[in-house]
Amino acid sequence: MSETILKAEHVKMYFPVRGTFGKVINHVKAVDDVSLELKRGETYGLVGETGCGKSTLGRTLIRLLSATEGKIYYKRTDLMALSSADMRKMRRELQMVFQDPYTSLDPRMRAGDILTEILDIQGIGNRDSRMADALAILEKVGLLPEHFYRFPHEFSGGQRQRIGLARALILNPELVICDEPVSALDVSVQSQIINLLLDMQEERGLTYLFISHDMSVIRYIANRVGVMYLGHLVEEAPVDELFDHPVHPYTKVLLSAVPSDDPHVKKDRIILEGDMPSPLNPPAGCPFCTRCPYVTERCKEEKPEVSYINTEHRVYCHLTKP
């Protein structure tokens, strides 16, 4: 079994809601008691509809946000216990590719300066070596030396995302959080970026947490998949098992929306009624109980504990309980 490179235990990320005179009157429970492990060299896919907390979880795992509760271990190092200075050093091994290539790059900086600035902050090399490293990583992600001197507005969306990937990889990290890196791109460009991610993973032994709402992309790139709903992880399994034998009702809903490869096969689409509850006031029981077609009174009153279908497949649902 592969080594665990990152482990999250009961992580919560609550954002305070303030009222009159700044008094905290409530909390947005964006991530609510999530535990997971990432294995070295794998791609862990994290899926769920917009607003489920998957991007917030990704940022929290590498301490771009400070968790409200829980433990996060990277190679047995407790990230929550690190000082700001120590965490800055840890950034060499933990990086992120952001969702929107149009806003994640500083429009006032040339591509080369965006890359060399990172090396400067980390105190790596001198001016000449930093430029050489930046040119080398630009070549790795499929860009040309003349792109070093261009501003972000002079690039296409796919080229901007290549720069975002170069920025994440220039420090030779071991773990990269990919926050919907292809959702803002055309389909043809999406495939180029995904294949580039896979090539870089094979070459450098990278571990990815790949966040997406596109189940087709997840099936192509991921080894294991975690399904999130309203800040909770509701199911986790190897990718083939999740697609072939989904257990949680919400997972079945997501998979029913994936188009069939065979145009002659008609899939039975599961249509949910209503909207996702507000994370300001989540249900007392199962987070999915307000929309689940199989809901019982127990679901409304009691949060489900984890059930193991097998050693690698776990689900949080009362329907799996005896």
# chains A, B, ... in the order shown; residues from 1 in each chain; ligands from 1
call {"tool": "residues_around", "arguments": {"residues": "region 243-258 of chain A", "least_positions_apart": "4", "cutoff": "7 Å", "atoms": "only C-alpha atoms", "output": "list in words"}}
result
Met215, Ser216, Val227, Glu235, Val239, Lys267, Asp268, Arg269, Ile270, Cys292, Val315 and Cys317 of chain A
call {"tool": "residues_around", "arguments": {"residues": "region 304-313 of chain A", "least_positions_apart": "2", "cutoff": "8 Å", "atoms": "only C-alpha atoms", "output": "ChimeraX atom specification"}}
result
/A:235-238,285-286,299,302,315-318,320-321
call {"tool": "closest_atom_pairs", "arguments": {"of": "region 202-267 of chain A", "to": "region 96-101 of chain A", "cutoff": "10 Å", "atoms": "only C-alpha atoms", "output": "CSV"}}
result
residue,atom,partner,partner_atom,distance
A:Tyr208,CA,A:Met96,CA,9.5
A:Leu209,CA,A:Met96,CA,9.3
A:Phe210,CA,A:Val97,CA,9.6
A:Ile211,CA,A:Gln99,CA,9.2
A:Ser212,CA,A:Gln99,CA,9.5
call {"tool": "atom_distance", "arguments": {"atom1": "CA of Leu57 (chain A)", "atom2": "CA of Tyr220 (chain A)"}}
result
22.1 Å
call {"tool": "select_by_dssp", "arguments": {"residues": "region 122-315 of chain A", "states": "strand (DSSP E or B)", "output": "PyMOL selection string"}}
result
chain A and resi 175-179+207-212+224-229+232-238+306-310+313-315
call {"tool": "write_last_selection", "arguments": {"atoms": "N, CA, C and O atoms", "output": "CSV table (one decimal), in the first residue's frame"}}
result
chain,number,residue,atom,x,y,z
A,175,LEU,N,2.9,17.7,-3.4
A,175,LEU,CA,1.5,17.6,-3.4
A,175,LEU,C,1.0,18.9,-4.0
A,175,LEU,O,1.4,20.0,-3.7
A,176,VAL,N,0.0,18.7,-5.0
A,176,VAL,CA,-0.6,19.9,-5.7
A,176,VAL,C,-2.1,19.7,-5.6
A,176,VAL,O,-2.7,18.7,-5.9
A,177,ILE,N,-2.7,20.8,-5.1
A,177,ILE,CA,-4.2,20.9,-5.1
A,177,ILE,C,-4.6,21.6,-6.4
A,177,ILE,O,-4.2,22.7,-6.7
A,178,CYS,N,-5.4,20.8,-7.2
A,178,CYS,CA,-5.9,21.4,-8.5
A,178,CYS,C,-7.4,21.7,-8.3
A,178,CYS,O,-8.2,20.8,-8.2
A,179,ASP,N,-7.7,23.0,-8.2
A,179,ASP,CA,-9.0,23.5,-7.9
A,179,ASP,C,-9.7,23.8,-9.2
A,179,ASP,O,-9.7,24.9,-9.7
A,207,THR,N,1.6,14.0,-6.3
A,207,THR,CA,0.3,13.6,-5.7
A,207,THR,C,-0.7,14.8,-6.0
A,207,THR,O,-0.4,15.9,-5.7
A,208,TYR,N,-1.9,14.5,-6.5
A,208,TYR,CA,-2.9,15.5,-6.8
A,208,TYR,C,-4.1,15.3,-5.9
A,208,TYR,O,-4.6,14.2,-5.7
A,209,LEU,N,-4.6,16.4,-5.5
A,209,LEU,CA,-6.0,16.5,-5.0
A,209,LEU,C,-6.7,17.2,-6.1
A,209,LEU,O,-6.5,18.4,-6.3
A,210,PHE,N,-7.6,16.6,-6.9
A,210,PHE,CA,-8.2,17.2,-8.1
A,210,PHE,C,-9.6,17.4,-7.8
A,210,PHE,O,-10.5,16.5,-7.7
A,211,ILE,N,-10.0,18.7,-7.7
A,211,ILE,CA,-11.3,19.2,-7.4
A,211,ILE,C,-12.1,19.5,-8.7
A,211,ILE,O,-11.6,20.2,-9.5
A,212,SER,N,-13.3,18.9,-8.8
A,212,SER,CA,-14.1,19.1,-10.0
A,212,SER,C,-15.5,18.8,-9.8
A,212,SER,O,-15.9,18.1,-8.8
A,224,ARG,N,-8.8,7.5,-6.8
A,224,ARG,CA,-9.9,7.4,-5.8
A,224,ARG,C,-10.7,8.7,-5.9
A,224,ARG,O,-10.3,9.7,-6.3
A,225,VAL,N,-12.0,8.6,-5.4
A,225,VAL,CA,-12.9,9.7,-5.4
A,225,VAL,C,-13.6,9.9,-4.1
A,225,VAL,O,-14.0,8.9,-3.5
A,226,GLY,N,-13.7,11.1,-3.7
A,226,GLY,CA,-14.5,11.5,-2.5
A,226,GLY,C,-15.6,12.4,-3.0
A,226,GLY,O,-15.4,13.3,-3.8
A,227,VAL,N,-16.9,12.1,-2.5
A,227,VAL,CA,-18.0,12.9,-2.9
A,227,VAL,C,-18.5,13.8,-1.7
A,227,VAL,O,-18.7,13.3,-0.6
A,228,MET,N,-18.6,15.1,-2.0
A,228,MET,CA,-18.9,16.0,-0.9
A,228,MET,C,-20.3,16.6,-1.2
A,228,MET,O,-20.8,16.8,-2.3
A,229,TYR,N,-21.0,16.8,0.0
A,229,TYR,CA,-22.3,17.5,-0.1
A,229,TYR,C,-22.5,18.3,1.2
A,229,TYR,O,-22.4,17.8,2.3
A,232,HIS,N,-19.9,18.0,3.9
A,232,HIS,CA,-19.6,16.7,4.4
A,232,HIS,C,-19.1,15.8,3.3
A,232,HIS,O,-19.5,15.9,2.1
A,233,LEU,N,-18.2,14.8,3.6
A,233,LEU,CA,-17.8,13.8,2.7
A,233,LEU,C,-18.8,12.6,2.9
A,233,LEU,O,-19.0,12.1,4.0
A,234,VAL,N,-19.6,12.3,1.8
A,234,VAL,CA,-20.7,11.3,2.0
A,234,VAL,C,-20.3,10.0,1.4
A,234,VAL,O,-20.9,9.0,1.8
A,235,GLU,N,-19.3,9.9,0.5
A,235,GLU,CA,-18.9,8.6,0.0
A,235,GLU,C,-17.4,8.7,-0.5
A,235,GLU,O,-17.0,9.8,-1.0
A,236,GLU,N,-16.7,7.6,-0.4
A,236,GLU,CA,-15.3,7.5,-0.9
A,236,GLU,C,-15.0,6.1,-1.4
A,236,GLU,O,-15.3,5.2,-0.7
A,237,ALA,N,-14.4,6.0,-2.6
A,237,ALA,CA,-14.1,4.7,-3.1
A,237,ALA,C,-13.2,4.8,-4.3
A,237,ALA,O,-13.0,5.9,-4.8
A,238,PRO,N,-12.5,3.7,-4.7
A,238,PRO,CA,-11.7,3.8,-5.9
A,238,PRO,C,-12.6,4.1,-7.1
A,238,PRO,O,-13.8,3.8,-7.1
A,306,VAL,N,-20.0,6.4,9.7
A,306,VAL,CA,-19.4,5.8,8.6
A,306,VAL,C,-19.7,4.3,8.5
A,306,VAL,O,-19.7,3.6,9.5
A,307,SER,N,-19.9,3.8,7.3
A,307,SER,CA,-20.1,2.3,7.0
A,307,SER,C,-19.1,1.9,6.0
A,307,SER,O,-18.9,2.7,5.0
A,308,TYR,N,-18.5,0.8,6.1
A,308,TYR,CA,-17.5,0.3,5.1
A,308,TYR,C,-18.1,-0.8,4.3
A,308,TYR,O,-18.4,-1.9,4.8
A,309,ILE,N,-18.2,-0.5,3.0
A,309,ILE,CA,-18.6,-1.5,2.0
A,309,ILE,C,-17.5,-2.6,1.9
A,309,ILE,O,-17.7,-3.8,1.8
A,310,ASN,N,-16.3,-2.1,1.8
A,310,ASN,CA,-15.1,-2.9,1.9
A,310,ASN,C,-14.0,-2.0,2.4
A,310,ASN,O,-14.2,-0.9,2.9
A,313,HIS,N,-13.9,1.3,0.4
A,313,HIS,CA,-15.1,2.0,0.0
A,313,HIS,C,-15.9,2.3,1.3
A,313,HIS,O,-16.4,1.4,2.0
A,314,ARG,N,-16.1,3.6,1.6
A,314,ARG,CA,-16.8,4.0,2.8
A,314,ARG,C,-17.9,4.9,2.4
A,314,ARG,O,-17.8,5.7,1.4
A,315,VAL,N,-19.0,4.9,3.2
A,315,VAL,CA,-20.2,5.8,2.9
A,315,VAL,C,-20.8,6.2,4.2
A,315,VAL,O,-20.8,5.5,5.2
call {"tool": "closest_residue", "arguments": {"among": "A:Asn281, A:Asp33, A:Gln161, A:Tyr73", "to": "Lys303 (chain A)", "atoms": "only C-alpha atoms"}}
result
A:Asp33
call {"tool": "select_by_dssp", "arguments": {"residues": "region 63-207 of chain A", "states": "helix (DSSP H, G or I)", "output": "ChimeraX atom specification"}}
result
/A:79-81,84-90,111-121,127-140,145-149,152-154,157-169,187-204
call {"tool": "residues_around", "arguments": {"residues": "Leu105 (chain A)", "least_positions_apart": "4", "cutoff": "12 Å", "atoms": "only C-alpha atoms", "output": "ChimeraX atom specification"}}
result
/A:97-101,109-115,151-153,155,157,159-168
call {"tool": "residues_around", "arguments": {"residues": "Arg91 (chain A)", "least_positions_apart": "5", "cutoff": "9 Å", "atoms": "only C-alpha atoms", "output": "PyMOL selection string"}}
result
chain A and resi 62+86+122+171+173
